[in-house]
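First up is the structure itself, then whatever we jot down about it.
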Amino acid sequence: MKRFIWTLILMLCLVGQSALAADFSRLIILHTNDTHGFDRHDEQNLGMDGIAAYKKDLEAKGYDVVLLDAGDALQDNNLVNYSKGKAAVEFMNAAGYDAGTLGNHEFDYGQAVLAERLSEYRFPIVSCNITVDATGKRLVPPTAILDRPSGRLGIIGIATPQTIGSTSPKNVYGLSFMQGKELYKEAQKQIDSLKAAGCDLIIGLGHLGSDEGSLGNRSEDVIANTKGLAIFIDGHDHRKKNTYLQDVLLVSTGSHTKNLGKLSFKEGRWVGELISAAEWTKQDPAVTSIIEKYNAEVQERLGQVLGSSTQIMDASRVPGVRTEERPLGDFVADAYLWQARQANVFKGRVHAAIVNGGGIRSNLPEGTIKRVDIVNMAPFNNQLYVCTITGEKLLEIMECATAFLPKAMGSMPQVAGIEYAVNTRVPYVQGPQYPNSLYYTPAKPGSRVTIKKVDGKPFSLKAHYTVAMQEFHILGGENYIGLASEGPKLAVQSIGYLDAEAIENYLVTKLKGRIGKEYAKAKGRIEIIK
């Protein structure tokens, strides 16, 4: 009798296992990355209302649909900036997301605001490689498990270690980002944990990218140094990806909501495709209603006309403000320098201004310029500062900020009051690594960069120069990490204006509301030798 009972129990277990076995034939995984608040439907973007409608359409056809995001959702477009990302969370909740991870720009409003946003998500936000120094605990859970009709799905999140240099240092103070071998080990630990929890499919949800500057912390590096992932959904570099590395499908949609990623299981393997805004034009009216409410409020604030321009001021990345001198870079740097001199906080001469090309985010149009155009171009709400440094320190940061040229660099210095050249034929020789940074000091400052003049006078290593810059750089953000400690900065002072305010003031007051032919071409401040 006992043998009969045990046999019956075993048979029931086997039947249960068979009933619960994963079947991916009706599973569709939708994914986004780097949406950056481009959540309103238009000719270029599906919008969150378009994504919601596409998801519902698949569900109505009987598919098991999962919607995932790979970070950088809360910041950039004014539609979400004015609420400090709250609008983006509402849109994503309404669209029906199932999980997401943190991008570097999720930190741009500071940790207190990020904590508010995290409490508002109605789906899990995961990242395995961010810890809080004071407690040793994780900032967010490392993984999430989604029990779906198709099977049990394990999601592991990974945030780029570049976050420590790509947002203001104060926004990540007290946080540590695992990188390199430590990251691989932690990722493998979490993959093994998901396997042990009975997950039928394990998905990497990363904001890492494939750029050479991220070497060792790219999506490709994580895939090569772990086992057990089936899919890796990537972000950060704004590239489209759809390729197998080993047995892992690596995918990414590009940026904004221009495309929606779609993964389906066909003939024993995962297949990726992109759904473009041209292909899918329907919207979910309930989500549209939420978006339009926010949009009306933002447009009312930003619709004021400030002036005009005789030509388009181009903010292209490559070739563009991240690779060479551009008229728009000259214009923004001139605005910084003018505003700093007007503020006169040091009661002395401000010699120069530096703006990173990566901080110039969109064109200024030909014709009418509204406040929205200025804020779109400078969306990060950076305080402007002046700091006094030695010529030696200025050369060091200029050398580091151009280290990978002629390849694109977000740190590329667009300047006013400075004339310099970069000889890209000469390799950048790394010195010691900067403390708490991914970047390396230049072993031979001046080997690639030659500063010709500052404030119209020949450059001197021993001179003291007062330079207008964003707080982001004053605190050592990005490749300006040489300014991170107090020692290099002989004096520091806020001038009381945000970057967008300074640009607006320069346009309205100094230029009398008109950008003329003086900005039709670059002014010859930067020479790139190739």
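Each chain in the structure tokens gets a letter, A, B, ..., in the order shown, and its residues are numbered from 1; ligands are numbered from 1 in order too.
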Residue neighbourhood stretch 344-360 of chain A, 7 Å, only C-alpha atoms, exclusion window fewer than 6 positions, as a PyMOL selection string: chain A and resi 315+321-322+329+333+336-337+377-378+410-418+454-455+465-469+495
Keeping only N, CA and C atoms, write the selected residues to a file as a compact mmCIF listing (two decimals), in the first residue's frame.
# COMPACT_ATOMS: atom_id res chain seq x y z
N ALA A 315 23.72 70.26 -33.49
CA ALA A 315 24.26 69.58 -32.31
C ALA A 315 24.61 68.12 -32.60
N VAL A 321 29.74 68.02 -32.15
CA VAL A 321 30.20 68.64 -30.91
C VAL A 321 31.02 67.70 -30.04
N ARG A 322 31.01 66.39 -30.35
CA ARG A 322 31.81 65.44 -29.57
C ARG A 322 33.13 65.10 -30.25
N GLY A 329 28.87 74.88 -30.24
CA GLY A 329 29.78 74.80 -29.10
C GLY A 329 30.37 76.16 -28.77
N ALA A 333 29.69 78.11 -25.17
CA ALA A 333 30.86 78.52 -24.39
C ALA A 333 30.92 80.04 -24.22
N TYR A 336 28.49 80.99 -21.48
CA TYR A 336 29.05 80.73 -20.15
C TYR A 336 30.02 81.85 -19.75
N LEU A 337 30.92 82.19 -20.67
CA LEU A 337 31.95 83.17 -20.34
C LEU A 337 31.32 84.55 -20.10
N MET A 377 18.28 71.87 -25.53
CA MET A 377 19.71 71.83 -25.85
C MET A 377 20.55 71.64 -24.58
N ALA A 378 20.10 72.20 -23.45
CA ALA A 378 20.84 72.12 -22.18
C ALA A 378 19.89 71.63 -21.10
N GLY A 410 32.10 62.50 -25.08
CA GLY A 410 31.17 63.44 -24.47
C GLY A 410 31.88 64.57 -23.75
N SER A 411 33.11 64.34 -23.34
CA SER A 411 33.90 65.34 -22.61
C SER A 411 34.56 66.36 -23.52
N MET A 412 34.45 66.20 -24.85
CA MET A 412 35.12 67.07 -25.81
C MET A 412 34.94 68.55 -25.43
N PRO A 413 36.03 69.29 -25.15
CA PRO A 413 35.89 70.68 -24.69
C PRO A 413 35.60 71.65 -25.83
N GLN A 414 34.39 72.16 -25.84
CA GLN A 414 34.06 73.33 -26.65
C GLN A 414 34.41 74.53 -25.77
N VAL A 415 35.04 75.56 -26.33
CA VAL A 415 35.68 76.55 -25.48
C VAL A 415 35.42 77.99 -25.93
N ALA A 416 35.58 78.90 -24.97
CA ALA A 416 35.65 80.33 -25.24
C ALA A 416 36.84 80.86 -24.45
N GLY A 417 37.62 81.75 -25.07
CA GLY A 417 38.79 82.30 -24.40
C GLY A 417 40.00 81.38 -24.42
N ILE A 418 39.91 80.25 -25.09
CA ILE A 418 41.01 79.29 -25.19
C ILE A 418 41.21 78.92 -26.66
N VAL A 454 45.27 81.65 -23.89
CA VAL A 454 44.15 81.78 -22.95
C VAL A 454 43.89 83.27 -22.77
N ASP A 455 42.66 83.67 -23.01
CA ASP A 455 42.26 85.08 -22.90
C ASP A 455 43.12 85.97 -23.79
N TYR A 465 44.49 80.60 -13.96
CA TYR A 465 43.40 80.92 -14.87
C TYR A 465 42.06 80.68 -14.19
N THR A 466 41.15 81.63 -14.34
CA THR A 466 39.79 81.47 -13.83
C THR A 466 38.90 81.05 -14.99
N VAL A 467 38.25 79.90 -14.83
CA VAL A 467 37.51 79.27 -15.92
C VAL A 467 36.06 79.04 -15.49
N ALA A 468 35.12 79.36 -16.37
CA ALA A 468 33.71 79.08 -16.13
C ALA A 468 33.38 77.68 -16.64
N MET A 469 32.73 76.87 -15.79
CA MET A 469 32.37 75.50 -16.14
C MET A 469 31.11 75.11 -15.38
N ILE A 495 28.18 81.00 -9.75
CA ILE A 495 27.83 82.34 -10.24
C ILE A 495 26.34 82.62 -10.15
Helix (DSSP H, G or I) residues, from DSSP on the backbone, in stretch 150-239 of chain A, as a PyMOL selection string: chain A and resi 163-166+169-172+180-196+212-214+219-224
Dump as a short mmCIF file (atom, residue, chain, number, x, y, z; two decimals), in the first residue's frame, selection limited to N, CA and C atoms:
data_model
loop_
_atom_site.label_atom_id
_atom_site.label_comp_id
_atom_site.auth_asym_id
_atom_site.auth_seq_id
_atom_site.Cartn_x
_atom_site.Cartn_y
_atom_site.Cartn_z
N THR A 163 28.55 55.43 -14.62
CA THR A 163 27.66 56.38 -13.93
C THR A 163 28.45 57.30 -13.00
N ILE A 164 29.50 56.79 -12.39
CA ILE A 164 30.25 57.60 -11.43
C ILE A 164 30.94 58.78 -12.09
N GLY A 165 31.09 58.74 -13.42
CA GLY A 165 31.71 59.86 -14.12
C GLY A 165 30.80 60.58 -15.06
N SER A 166 29.58 60.04 -15.31
CA SER A 166 28.70 60.64 -16.31
C SER A 166 27.53 61.40 -15.70
N PRO A 169 29.16 64.12 -9.60
CA PRO A 169 29.65 63.26 -8.52
C PRO A 169 28.80 63.28 -7.26
N LYS A 170 28.18 64.42 -6.96
CA LYS A 170 27.35 64.49 -5.75
C LYS A 170 26.13 63.57 -5.85
N ASN A 171 25.72 63.24 -7.09
CA ASN A 171 24.54 62.39 -7.27
C ASN A 171 24.81 60.93 -6.96
N VAL A 172 26.07 60.52 -6.94
CA VAL A 172 26.41 59.12 -6.64
C VAL A 172 27.31 59.01 -5.42
N GLY A 180 34.34 45.30 -13.87
CA GLY A 180 35.35 44.30 -14.23
C GLY A 180 35.08 42.93 -13.64
N LYS A 181 36.12 42.32 -13.12
CA LYS A 181 36.02 40.95 -12.60
C LYS A 181 35.04 40.84 -11.45
N GLU A 182 34.98 41.87 -10.61
CA GLU A 182 34.02 41.86 -9.50
C GLU A 182 32.59 41.84 -10.04
N LEU A 183 32.34 42.59 -11.11
CA LEU A 183 31.02 42.60 -11.74
C LEU A 183 30.69 41.24 -12.32
N TYR A 184 31.63 40.62 -13.04
CA TYR A 184 31.37 39.31 -13.64
C TYR A 184 31.02 38.28 -12.56
N LYS A 185 31.79 38.32 -11.48
CA LYS A 185 31.57 37.36 -10.39
C LYS A 185 30.18 37.53 -9.78
N GLU A 186 29.80 38.80 -9.57
CA GLU A 186 28.48 39.07 -8.98
C GLU A 186 27.37 38.69 -9.94
N ALA A 187 27.55 39.00 -11.22
CA ALA A 187 26.54 38.63 -12.21
C ALA A 187 26.35 37.12 -12.26
N GLN A 188 27.46 36.37 -12.24
CA GLN A 188 27.36 34.91 -12.27
C GLN A 188 26.67 34.37 -11.03
N LYS A 189 26.96 34.99 -9.89
CA LYS A 189 26.30 34.59 -8.64
C LYS A 189 24.79 34.76 -8.75
N GLN A 190 24.36 35.87 -9.32
CA GLN A 190 22.93 36.11 -9.44
C GLN A 190 22.29 35.21 -10.49
N ILE A 191 23.00 34.92 -11.56
CA ILE A 191 22.49 33.98 -12.57
C ILE A 191 22.29 32.61 -11.94
N ASP A 192 23.28 32.16 -11.17
CA ASP A 192 23.17 30.86 -10.50
C ASP A 192 22.01 30.83 -9.52
N SER A 193 21.79 31.96 -8.84
CA SER A 193 20.68 32.05 -7.90
C SER A 193 19.33 31.93 -8.62
N LEU A 194 19.23 32.56 -9.78
CA LEU A 194 18.00 32.47 -10.56
C LEU A 194 17.77 31.05 -11.08
N LYS A 195 18.86 30.40 -11.47
CA LYS A 195 18.74 28.99 -11.89
C LYS A 195 18.22 28.13 -10.75
N ALA A 196 18.81 28.34 -9.56
CA ALA A 196 18.42 27.56 -8.39
C ALA A 196 16.96 27.81 -8.01
N GLU A 212 34.14 51.55 -26.83
CA GLU A 212 35.51 51.20 -26.45
C GLU A 212 35.88 51.81 -25.09
N GLY A 213 35.34 52.99 -24.81
CA GLY A 213 35.64 53.64 -23.53
C GLY A 213 35.09 52.89 -22.33
N SER A 214 34.19 51.92 -22.58
CA SER A 214 33.62 51.10 -21.51
C SER A 214 34.28 49.73 -21.43
N SER A 219 28.49 45.20 -22.38
CA SER A 219 27.60 44.04 -22.42
C SER A 219 28.35 42.82 -22.95
N GLU A 220 29.20 43.03 -23.97
CA GLU A 220 29.98 41.92 -24.53
C GLU A 220 30.89 41.29 -23.49
N ASP A 221 31.45 42.11 -22.60
CA ASP A 221 32.36 41.59 -21.57
C ASP A 221 31.62 40.74 -20.55
N VAL A 222 30.43 41.19 -20.16
CA VAL A 222 29.62 40.41 -19.21
C VAL A 222 29.21 39.09 -19.84
N ILE A 223 28.77 39.12 -21.09
CA ILE A 223 28.37 37.90 -21.77
C ILE A 223 29.53 36.92 -21.86
N ALA A 224 30.73 37.42 -22.20
CA ALA A 224 31.90 36.55 -22.37
C ALA A 224 32.38 35.94 -21.06
#
Using only C-alpha atoms: which of A:Ala70, A:Val305, A:Ala335, A:Ala340 has the shortest distance to A:His236: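 The shortest atom-to-atom distance to A:His236 comes from A:Ala70.
The space separating atom CA of A:Gly476 from atom CA of A:Ser168 comes to 7.9 Å.
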Neighbour list for stretch 241-253 of chain A as number ranges by chain, cut-off 6 Å, only C-alpha atoms, skip fewer than 3 positions in-chain: A: 230-234, 259, 261
Residue with smallest distance to A:Ile515 - pool A:Lys393, A:Glu324, A:Met313, A:Thr424, counting only C-alpha atoms: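 Smallest separation from A:Ile515 among the options: A:Met313.
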Straight-line distance linking atom CA of A:Ser276 with atom CA of A:Ala73, stated in Å to one decimal: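 Interatomic distance, atom CA of A:Ser276 to atom CA of A:Ala73: 18.3 Å.
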Top pick for closest residue to A:Gln493, considering A:Val386, A:Ile474, A:Arg218, A:Asn104 and counting only C-alpha atoms: A:Val386
Interatomic distance, atom CA of A:Ile374 to atom CA of A:Val113 (Å, one decimal): 23.8 Å
Neighbour list for A:Leu384 as a PyMOL selection string, cut-off 7 Å, only C-alpha atoms, skip fewer than 3 positions in-chain: chain A and resi 468-471+494-499
Selection: 10 Å around A:Gln311, only C-alpha atoms, excl. self and same-chain fewer than 4 positions, as a PyMOL selection string: chain A and resi 364-367+515-517+519-520
